[in-house]
$ cat target.cif   # mmCIF, C-alpha atoms and all ligand atoms
data_my_file
loop_
_atom_site.label_atom_id
_atom_site.label_comp_id
_atom_site.auth_asym_id
_atom_site.auth_seq_id
_atom_site.Cartn_x
_atom_site.Cartn_y
_atom_site.Cartn_z
CA MET A 1438 -33.73 -54.95 -28.23
CA GLY A 1439 -30.71 -54.85 -25.87
CA PRO A 1440 -28.70 -57.89 -24.67
CA GLN A 1441 -30.74 -58.22 -21.44
CA ILE A 1442 -33.59 -55.73 -21.58
CA GLY A 1443 -35.93 -54.27 -24.17
CA VAL A 1444 -38.55 -55.97 -26.32
CA GLU A 1445 -40.36 -54.71 -29.40
CA VAL A 1446 -43.98 -55.44 -30.27
CA THR A 1447 -45.16 -54.85 -33.82
CA GLY A 1448 -48.32 -55.66 -35.73
CA VAL A 1449 -50.78 -54.90 -32.95
CA ASP A 1450 -53.28 -52.13 -32.42
CA VAL A 1451 -53.57 -51.60 -28.67
CA LYS A 1452 -57.06 -50.11 -29.16
CA THR A 1453 -58.52 -53.46 -30.16
CA LEU A 1454 -56.64 -55.79 -27.79
CA ASP A 1455 -58.80 -58.10 -25.69
CA ASN A 1456 -57.59 -59.74 -22.46
CA ALA A 1457 -56.28 -62.81 -24.27
CA GLY A 1458 -54.36 -60.57 -26.69
CA PHE A 1459 -52.95 -58.48 -23.86
CA ALA A 1460 -51.69 -61.41 -21.73
CA PRO A 1461 -48.58 -62.24 -23.83
CA ILE A 1462 -47.78 -58.54 -24.15
CA TYR A 1463 -47.87 -58.09 -20.38
CA GLN A 1464 -45.68 -61.17 -19.96
CA ALA A 1465 -43.19 -59.89 -22.54
CA TRP A 1466 -42.95 -56.64 -20.60
CA LEU A 1467 -42.31 -58.48 -17.31
CA ASP A 1468 -39.68 -60.64 -19.00
CA HIS A 1469 -37.89 -57.77 -20.75
CA ASN A 1470 -38.37 -54.82 -18.43
CA VAL A 1471 -38.80 -52.20 -21.19
CA MET A 1472 -41.30 -52.67 -24.00
CA VAL A 1473 -41.73 -50.74 -27.23
CA VAL A 1474 -45.04 -50.98 -29.08
CA ARG A 1475 -44.70 -49.43 -32.53
CA ASP A 1476 -47.03 -47.54 -34.84
CA GLN A 1477 -49.95 -46.62 -32.60
CA GLU A 1478 -52.53 -43.93 -33.36
CA LEU A 1479 -54.24 -42.98 -30.14
CA THR A 1480 -56.38 -40.34 -28.53
CA ILE A 1481 -55.73 -39.44 -24.88
CA GLU A 1482 -58.69 -41.59 -23.82
CA GLN A 1483 -57.40 -44.57 -25.79
CA PHE A 1484 -53.90 -44.15 -24.34
CA LEU A 1485 -55.33 -44.00 -20.81
CA HIS A 1486 -57.54 -47.01 -21.44
CA TYR A 1487 -54.58 -49.11 -22.63
CA SER A 1488 -52.39 -47.80 -19.77
CA ARG A 1489 -54.97 -48.95 -17.20
CA ARG A 1490 -54.39 -52.54 -18.28
CA PHE A 1491 -51.05 -52.31 -16.46
CA GLY A 1492 -52.37 -50.88 -13.18
CA ILE A 1493 -53.82 -47.74 -11.72
CA VAL A 1494 -52.97 -44.53 -13.55
CA VAL A 1495 -52.29 -41.70 -11.09
CA PRO A 1496 -51.49 -37.99 -11.57
CA HIS A 1497 -47.81 -37.06 -11.23
CA PRO A 1498 -46.88 -34.72 -8.32
CA SER A 1499 -45.60 -32.09 -10.79
CA LYS A 1500 -48.88 -30.20 -11.24
CA SER A 1501 -47.48 -27.59 -13.63
CA THR A 1502 -46.68 -30.21 -16.29
CA ARG A 1503 -50.02 -32.02 -16.14
CA HIS A 1504 -52.37 -31.84 -19.11
CA PRO A 1505 -54.74 -28.95 -18.28
CA GLU A 1506 -57.88 -31.08 -18.66
CA VAL A 1507 -56.59 -34.58 -17.92
CA PRO A 1508 -54.46 -34.65 -14.73
CA GLU A 1509 -53.40 -38.28 -15.28
CA ILE A 1510 -51.53 -37.19 -18.40
CA THR A 1511 -48.19 -35.44 -17.94
CA LEU A 1512 -46.95 -33.52 -20.96
CA LEU A 1513 -43.26 -33.86 -21.74
CA GLY A 1514 -41.59 -31.19 -23.83
CA VAL A 1515 -44.56 -28.79 -23.82
CA ASN A 1516 -44.09 -25.11 -22.84
CA LYS A 1517 -40.33 -25.44 -22.74
CA PHE A 1518 -39.79 -21.74 -23.43
CA GLY A 1519 -40.65 -19.20 -20.71
CA ALA A 1520 -42.43 -15.86 -21.24
CA ASP A 1521 -38.96 -14.29 -21.65
CA GLY A 1522 -38.22 -16.67 -24.54
CA LYS A 1523 -35.57 -18.56 -22.55
CA LEU A 1524 -35.38 -22.34 -22.62
CA ILE A 1525 -36.63 -23.81 -19.32
CA ASP A 1526 -34.08 -26.50 -18.51
CA ALA A 1527 -36.33 -28.33 -16.03
CA ILE A 1528 -38.69 -29.08 -18.93
CA TYR A 1529 -36.19 -29.44 -21.78
CA ARG A 1530 -33.89 -31.68 -19.75
CA ARG A 1531 -36.52 -33.44 -17.65
CA GLY A 1532 -35.24 -36.87 -16.73
CA ALA A 1533 -31.79 -36.10 -18.14
CA GLU A 1534 -29.91 -35.18 -14.94
CA GLY A 1535 -29.01 -38.76 -14.28
CA TRP A 1536 -30.04 -42.38 -14.11
CA HIS A 1537 -33.14 -42.77 -11.98
CA THR A 1538 -36.26 -44.75 -11.24
CA ASP A 1539 -39.60 -42.93 -11.16
CA GLY A 1540 -41.51 -42.36 -7.94
CA ALA A 1541 -38.94 -43.64 -5.42
CA TYR A 1542 -40.09 -40.70 -3.23
CA ASP A 1543 -43.47 -42.41 -2.75
CA ALA A 1544 -44.30 -45.09 -0.18
CA GLU A 1545 -45.60 -47.03 -3.18
CA PRO A 1546 -43.32 -46.09 -6.10
CA PHE A 1547 -44.71 -46.17 -9.62
CA LYS A 1548 -44.84 -49.69 -10.92
CA ALA A 1549 -44.46 -48.44 -14.45
CA THR A 1550 -44.12 -45.31 -16.53
CA GLN A 1551 -45.48 -45.25 -20.05
CA LEU A 1552 -44.79 -42.68 -22.78
CA TYR A 1553 -46.50 -42.16 -26.11
CA ALA A 1554 -44.53 -40.22 -28.74
CA LEU A 1555 -46.33 -37.38 -30.53
CA ALA A 1556 -43.37 -35.45 -31.94
CA ILE A 1557 -39.75 -36.53 -32.30
CA PRO A 1558 -36.82 -34.27 -33.18
CA SER A 1559 -34.60 -34.84 -36.22
CA ALA A 1560 -31.62 -35.72 -33.99
CA GLY A 1561 -31.02 -36.80 -30.39
CA GLY A 1562 -33.74 -37.16 -27.78
CA ASP A 1563 -33.21 -40.88 -27.07
CA THR A 1564 -34.18 -42.50 -23.78
CA LEU A 1565 -31.62 -44.78 -22.14
CA PHE A 1566 -32.55 -47.76 -19.99
CA ALA A 1567 -30.64 -50.15 -17.73
CA SER A 1568 -31.61 -53.26 -15.82
CA GLY A 1569 -31.67 -53.33 -12.02
CA TYR A 1570 -31.43 -57.14 -12.17
CA THR A 1571 -28.15 -56.92 -14.07
CA ALA A 1572 -26.91 -54.34 -11.54
CA TYR A 1573 -27.78 -56.68 -8.65
CA ASP A 1574 -26.07 -59.61 -10.36
CA ALA A 1575 -22.92 -57.49 -10.78
CA LEU A 1576 -22.62 -56.65 -7.06
CA PRO A 1577 -19.78 -58.38 -5.25
CA GLU A 1578 -20.95 -60.95 -2.67
CA ARG A 1579 -19.64 -58.68 0.12
CA LEU A 1580 -21.99 -55.86 -0.93
CA LYS A 1581 -24.96 -58.18 -1.48
CA GLN A 1582 -24.57 -59.45 2.07
CA ARG A 1583 -24.10 -55.99 3.51
CA LEU A 1584 -27.23 -54.68 1.81
CA GLU A 1585 -29.57 -57.62 2.33
CA GLY A 1586 -32.44 -56.38 4.52
CA ARG A 1587 -31.21 -52.75 4.51
CA VAL A 1588 -33.50 -49.92 3.59
CA GLY A 1589 -32.78 -46.55 2.03
CA ALA A 1590 -34.52 -43.23 2.77
CA PHE A 1591 -35.76 -41.50 -0.39
CA THR A 1592 -37.28 -38.05 -1.09
CA TYR A 1593 -38.31 -36.15 -4.21
CA GLY A 1594 -35.20 -33.99 -4.44
CA GLY A 1595 -32.80 -36.32 -2.63
CA ARG A 1596 -29.51 -34.92 -1.43
CA ARG A 1597 -29.49 -32.30 -4.19
CA ARG A 1598 -32.96 -30.93 -3.26
CA LYS A 1599 -33.91 -30.51 -6.91
CA ARG A 1600 -37.59 -29.58 -7.01
CA GLU A 1601 -38.18 -27.00 -9.79
CA LEU A 1602 -41.04 -28.93 -11.37
CA LEU A 1603 -43.07 -28.88 -8.14
CA ASN A 1604 -45.33 -26.05 -7.00
CA GLU A 1605 -44.08 -24.28 -3.83
CA GLU A 1606 -46.76 -25.88 -1.66
CA ASP A 1607 -45.76 -29.38 -2.81
CA ARG A 1608 -42.05 -29.19 -1.97
CA ASP A 1609 -42.09 -30.56 1.56
CA TRP A 1610 -41.33 -34.30 1.28
CA ARG A 1611 -41.00 -36.70 4.18
CA PRO A 1612 -38.57 -39.51 3.47
CA VAL A 1613 -40.00 -42.91 2.59
CA PHE A 1614 -38.13 -46.19 3.02
CA HIS A 1615 -37.50 -48.96 0.51
CA PRO A 1616 -35.33 -52.08 0.59
CA ILE A 1617 -32.19 -51.59 -1.50
CA ILE A 1618 -32.24 -55.21 -2.60
CA ARG A 1619 -35.74 -55.56 -3.95
CA THR A 1620 -37.45 -58.79 -4.88
CA HIS A 1621 -39.77 -58.13 -7.80
CA PRO A 1622 -43.34 -59.02 -6.75
CA GLU A 1623 -44.17 -60.62 -10.10
CA THR A 1624 -40.94 -62.13 -11.44
CA GLY A 1625 -39.41 -63.04 -8.06
CA ARG A 1626 -36.02 -61.76 -9.28
CA LYS A 1627 -33.77 -59.60 -7.12
CA SER A 1628 -32.73 -56.17 -8.29
CA LEU A 1629 -30.72 -53.23 -7.01
CA TYR A 1630 -33.37 -50.64 -6.15
CA PHE A 1631 -31.50 -47.40 -6.25
CA ASP A 1632 -31.66 -43.79 -7.37
CA PRO A 1633 -28.69 -41.52 -6.63
CA GLY A 1634 -30.82 -38.37 -7.13
CA LYS A 1635 -33.54 -39.41 -4.67
CA ILE A 1636 -31.78 -41.44 -2.00
CA GLU A 1637 -30.91 -39.47 1.14
CA SER A 1638 -29.26 -42.21 3.15
CA ILE A 1639 -28.94 -45.88 3.78
CA GLU A 1640 -30.40 -46.63 7.18
CA GLY A 1641 -28.57 -48.28 10.05
CA VAL A 1642 -25.04 -47.22 9.11
CA SER A 1643 -23.11 -44.02 9.90
CA GLU A 1644 -23.59 -41.00 7.64
CA GLN A 1645 -20.08 -41.43 6.29
CA GLU A 1646 -20.63 -45.09 5.53
CA SER A 1647 -23.98 -44.31 3.96
CA ASP A 1648 -22.43 -41.71 1.63
CA ALA A 1649 -19.64 -44.12 0.71
CA LEU A 1650 -22.17 -46.90 -0.01
CA ILE A 1651 -24.28 -44.58 -2.15
CA ASP A 1652 -21.20 -43.70 -4.20
CA GLU A 1653 -20.22 -47.34 -4.51
CA LEU A 1654 -23.71 -48.44 -5.58
CA THR A 1655 -23.91 -45.64 -8.15
CA GLY A 1656 -20.91 -47.29 -9.81
CA TYR A 1657 -22.73 -50.63 -10.16
CA MET A 1658 -26.04 -49.38 -11.57
CA ILE A 1659 -25.16 -49.38 -15.23
CA GLN A 1660 -23.73 -52.58 -16.66
CA PRO A 1661 -23.01 -52.48 -20.40
CA ASP A 1662 -24.97 -55.66 -21.19
CA GLY A 1663 -27.89 -54.41 -19.10
CA GLU A 1664 -28.52 -51.36 -21.28
CA TYR A 1665 -31.00 -50.51 -24.01
CA ARG A 1666 -31.10 -47.15 -25.81
CA HIS A 1667 -34.41 -46.24 -27.37
CA LYS A 1668 -34.52 -44.18 -30.56
CA TRP A 1669 -38.01 -42.79 -30.80
CA ARG A 1670 -40.43 -42.82 -33.70
CA VAL A 1671 -43.74 -41.00 -33.68
CA GLY A 1672 -46.44 -43.49 -32.61
CA ASP A 1673 -44.17 -45.47 -30.25
CA ILE A 1674 -45.48 -46.47 -26.86
CA VAL A 1675 -42.68 -47.31 -24.44
CA ILE A 1676 -43.33 -48.69 -20.97
CA TRP A 1677 -40.71 -49.43 -18.35
CA ASP A 1678 -40.78 -51.27 -15.05
CA ASN A 1679 -39.62 -48.93 -12.27
CA ARG A 1680 -39.27 -51.86 -9.86
CA CYS A 1681 -36.28 -53.28 -11.70
CA SER A 1682 -34.81 -50.69 -14.06
CA TYR A 1683 -33.28 -47.25 -14.35
CA HIS A 1684 -33.59 -44.76 -17.15
CA ARG A 1685 -32.61 -41.29 -18.23
CA ALA A 1686 -33.37 -38.95 -21.09
CA ALA A 1687 -30.43 -38.07 -23.33
CA GLY A 1688 -31.54 -34.42 -23.15
CA ASP A 1689 -29.54 -33.47 -26.22
CA TYR A 1690 -31.97 -32.64 -29.05
CA PRO A 1691 -32.12 -29.31 -30.90
CA PRO A 1692 -34.14 -27.11 -28.48
CA ASN A 1693 -36.01 -25.36 -31.29
CA GLU A 1694 -37.49 -28.68 -32.42
CA ASP A 1695 -40.44 -30.45 -30.82
CA ARG A 1696 -40.06 -33.56 -28.70
CA ILE A 1697 -43.46 -34.22 -27.19
CA HIS A 1698 -44.82 -37.19 -25.27
CA TRP A 1699 -47.89 -38.04 -23.24
CA ARG A 1700 -46.73 -39.70 -20.07
CA VAL A 1701 -48.59 -41.73 -17.46
CA SER A 1702 -47.53 -42.96 -14.03
CA ILE A 1703 -48.90 -46.37 -13.15
CA LYS A 1704 -49.25 -47.87 -9.67
CA GLU A 1705 -49.94 -51.37 -8.52
CA ARG A 1706 -52.66 -50.38 -6.09
CA GLY A 1707 -54.82 -47.29 -5.70
CA ALA A 1708 -54.59 -44.83 -2.80
CA GLU A 1709 -57.94 -46.10 -1.48
CA ARG A 1710 -56.61 -49.61 -1.18
CA LEU A 1711 -53.43 -48.42 0.55
CA ALA A 1712 -55.44 -46.30 2.99
CA ALA A 1713 -57.67 -49.27 3.83
CA GLU A 1714 -54.68 -51.41 4.90
O1 LIG A 1801 -38.22 -38.02 -21.75
C1 LIG A 1801 -37.64 -39.08 -21.53
O2 LIG A 1801 -36.95 -39.65 -22.37
C2 LIG A 1801 -37.78 -39.74 -20.18
C3 LIG A 1801 -38.11 -38.75 -19.13
C4 LIG A 1801 -38.29 -39.41 -17.79
O3 LIG A 1801 -37.37 -39.65 -17.08
C5 LIG A 1801 -39.65 -39.79 -17.38
O4 LIG A 1801 -40.61 -39.51 -18.10
O5 LIG A 1801 -39.77 -40.40 -16.31
FE FE A 1802 -38.04 -40.69 -15.28
#
$ encode --input "target.cif" --output "structure tokens" --more "lines below"
Ligand SMILES: O=C(O)CCC(=O)C(=O)O
Ligand SMILES: [Fe+2]
Amino acid sequence: MGPQIGVEVTGVDVKTLDNAGFAPIYQAWLDHNVMVVRDQELTIEQFLHYSRRFGIVVPHPSKSTRHPEVPEITLLGVNKFGADGKLIDAIYRRGAEGWHTDGAYDAEPFKATQLYALAIPSAGGDTLFASGYTAYDALPERLKQRLEGRVGAFTYGGRRRKRELLNEEDRDWRPVFHPIIRTHPETGRKSLYFDPGKIESIEGVSEQESDALIDELTGYMIQPDGEYRHKWRVGDIVIWDNRCSYHRAAGDYPPNEDRIHWRVSIKERGAERLAAE
């Protein structure tokens, strides 16, 4: 779909896929980072069932935006007006503050995020994607060497402490640490693992240097030939790989129109398996 990322799958019904049918789809996703599957008609159960082919579906830490009966489903664009009739920006512009990767605040970040489109506005509301591989490739040798083996400290709100979507009791985040140059566990490719809204610091350098590096890296994230901009249609499933890409919502659609998605967060391993290690 884009020069380096984005692939479209048509002519399949994900409800009836067997393992042999799923294998090339999974491979296409690994190869292209962001995958669009068109024209699906799914119930929540069917969406969850298909999502579990990619890994373990876990509830998102934002409890207030979970589906009331199905915690693994996050609702995007639902209840965007408050009791006073005012637009709630944290819901309307969720994911639109800047380029990011989902779950960097977790010791095991989300492997993937998958959205299913239920309602799409007449204008705007795209999702933009960019490749972390392309960002890594664009780094000057000096920076690659400086960052090799370095880790960053990440939290939910990062340096801006943005936490409106969390309940009060869930706002206390301890930093977690991730390598900035990340080798993808399945493709073996290196990417720039980075999120300006969640990173607090780069470890092992002075605070000043860390801030300067964060600014410099922010400038390398988005490379024109690493981008793909998704224009939604109802029935689209889009999945992205948080280990090697960034994304953001355009956040620009007419607020009085509906833009509604079911969203799942997918991990490589379950909490039980992590706890057992
Ligand atoms: O609504 C979108 O286009 C994407 C929002 C987002 O960043 C997310 O769901 O992780
Ligand atoms: Fe996101």
$ residues_around --input "target.cif" --residues "Phe1614 (chain A)" --least-positions-apart "2" --cutoff "9 Å" --atoms "all atoms listed in the file" --output "ChimeraX atom specification"
/A:1541-1544,1588-1591,1612,1616,1640
$ residues_around --input "target.cif" --residues "region 1569-1585 of chain A" --least-positions-apart "4" --cutoff "8 Å" --atoms "only C-alpha atoms" --output "MDAnalysis selection string"
chainID A and resid 1441 1617:1618 1626:1630 1657:1660 1662:1663 1681:1683
$ closest_residue --input "target.cif" --among "A:Gly1562, A:Glu1534, A:Val1446, A:Trp1699" --to "Gln1483 (chain A)" --atoms "only C-alpha atoms"
A:Trp1699
$ residues_near_ligand --input "target.cif" --ligand "ligand FE 1802 (chain A)" --cutoff "7 Å" --atoms "all atoms listed in the file" --output "PyMOL selection string"
chain A and resi 1532+1537-1539+1684-1685
$ closest_atom_pairs --input "target.cif" --of "chain A" --to "ligand LIG 1801 (chain A)" --cutoff "9 Å" --atoms "only C-alpha atoms and all ligand atoms" --output "JSON lines"
{"residue": "A:Thr1511", "atom": "CA", "partner": "A:LIG1801", "partner_atom": "O4", "distance": 8.6}
{"residue": "A:Leu1513", "atom": "CA", "partner": "A:LIG1801", "partner_atom": "O1", "distance": 6.5}
{"residue": "A:Gly1514", "atom": "CA", "partner": "A:LIG1801", "partner_atom": "O1", "distance": 7.9}
{"residue": "A:Tyr1529", "atom": "CA", "partner": "A:LIG1801", "partner_atom": "O1", "distance": 8.8}
{"residue": "A:Arg1530", "atom": "CA", "partner": "A:LIG1801", "partner_atom": "O1", "distance": 7.9}
{"residue": "A:Arg1531", "atom": "CA", "partner": "A:LIG1801", "partner_atom": "C3", "distance": 5.7}
{"residue": "A:Gly1532", "atom": "CA", "partner": "A:LIG1801", "partner_atom": "O3", "distance": 3.5}
{"residue": "A:Ala1533", "atom": "CA", "partner": "A:LIG1801", "partner_atom": "O3", "distance": 6.7}
{"residue": "A:Glu1534", "atom": "CA", "partner": "A:LIG1801", "partner_atom": "O3", "distance": 9.0}
{"residue": "A:Gly1535", "atom": "CA", "partner": "A:LIG1801", "partner_atom": "O3", "distance": 8.9}
{"residue": "A:Trp1536", "atom": "CA", "partner": "A:LIG1801", "partner_atom": "O3", "distance": 8.4}
{"residue": "A:His1537", "atom": "CA", "partner": "A:LIG1801", "partner_atom": "O3", "distance": 7.3}
{"residue": "A:Thr1538", "atom": "CA", "partner": "A:LIG1801", "partner_atom": "O5", "distance": 7.5}
{"residue": "A:Asp1539", "atom": "CA", "partner": "A:LIG1801", "partner_atom": "O5", "distance": 5.7}
{"residue": "A:Gly1540", "atom": "CA", "partner": "A:LIG1801", "partner_atom": "O5", "distance": 8.8}
{"residue": "A:Thr1550", "atom": "CA", "partner": "A:LIG1801", "partner_atom": "O5", "distance": 6.6}
{"residue": "A:Gln1551", "atom": "CA", "partner": "A:LIG1801", "partner_atom": "O4", "distance": 7.8}
{"residue": "A:Leu1552", "atom": "CA", "partner": "A:LIG1801", "partner_atom": "O4", "distance": 7.0}
{"residue": "A:Gly1562", "atom": "CA", "partner": "A:LIG1801", "partner_atom": "O2", "distance": 6.8}
{"residue": "A:Asp1563", "atom": "CA", "partner": "A:LIG1801", "partner_atom": "O2", "distance": 6.1}
{"residue": "A:Thr1564", "atom": "CA", "partner": "A:LIG1801", "partner_atom": "O2", "distance": 4.2}
{"residue": "A:Leu1565", "atom": "CA", "partner": "A:LIG1801", "partner_atom": "O2", "distance": 7.4}
{"residue": "A:His1667", "atom": "CA", "partner": "A:LIG1801", "partner_atom": "O2", "distance": 8.7}
{"residue": "A:His1684", "atom": "CA", "partner": "A:LIG1801", "partner_atom": "O3", "distance": 6.4}
{"residue": "A:Arg1685", "atom": "CA", "partner": "A:LIG1801", "partner_atom": "O3", "distance": 5.2}
{"residue": "A:Ala1686", "atom": "CA", "partner": "A:LIG1801", "partner_atom": "O2", "distance": 3.9}
{"residue": "A:Ala1687", "atom": "CA", "partner": "A:LIG1801", "partner_atom": "O2", "distance": 6.8}
{"residue": "A:Gly1688", "atom": "CA", "partner": "A:LIG1801", "partner_atom": "O2", "distance": 7.6}
{"residue": "A:Arg1696", "atom": "CA", "partner": "A:LIG1801", "partner_atom": "O1", "distance": 8.5}
{"residue": "A:Ile1697", "atom": "CA", "partner": "A:LIG1801", "partner_atom": "O1", "distance": 8.5}
{"residue": "A:His1698", "atom": "CA", "partner": "A:LIG1801", "partner_atom": "O1", "distance": 7.5}
{"residue": "A:Arg1700", "atom": "CA", "partner": "A:LIG1801", "partner_atom": "O4", "distance": 6.4}
{"residue": "A:Val1701", "atom": "CA", "partner": "A:LIG1801", "partner_atom": "O4", "distance": 8.3}
{"residue": "A:Ser1702", "atom": "CA", "partner": "A:LIG1801", "partner_atom": "O5", "distance": 8.5}
$ closest_residue --input "target.cif" --among "A:Ile1462, A:Val1471, A:Ile1510, A:Val1449" --to "Phe1566 (chain A)" --atoms "only C-alpha atoms"
A:Val1471
$ atom_distance --input "target.cif" --atom1 "CA of Asp1648 (chain A)" --atom2 "CA of Tyr1593 (chain A)"
17.8 Å
$ atom_distance --input "target.cif" --atom1 "CA of Glu1509 (chain A)" --atom2 "CA of His1497 (chain A)"
7.0 Å
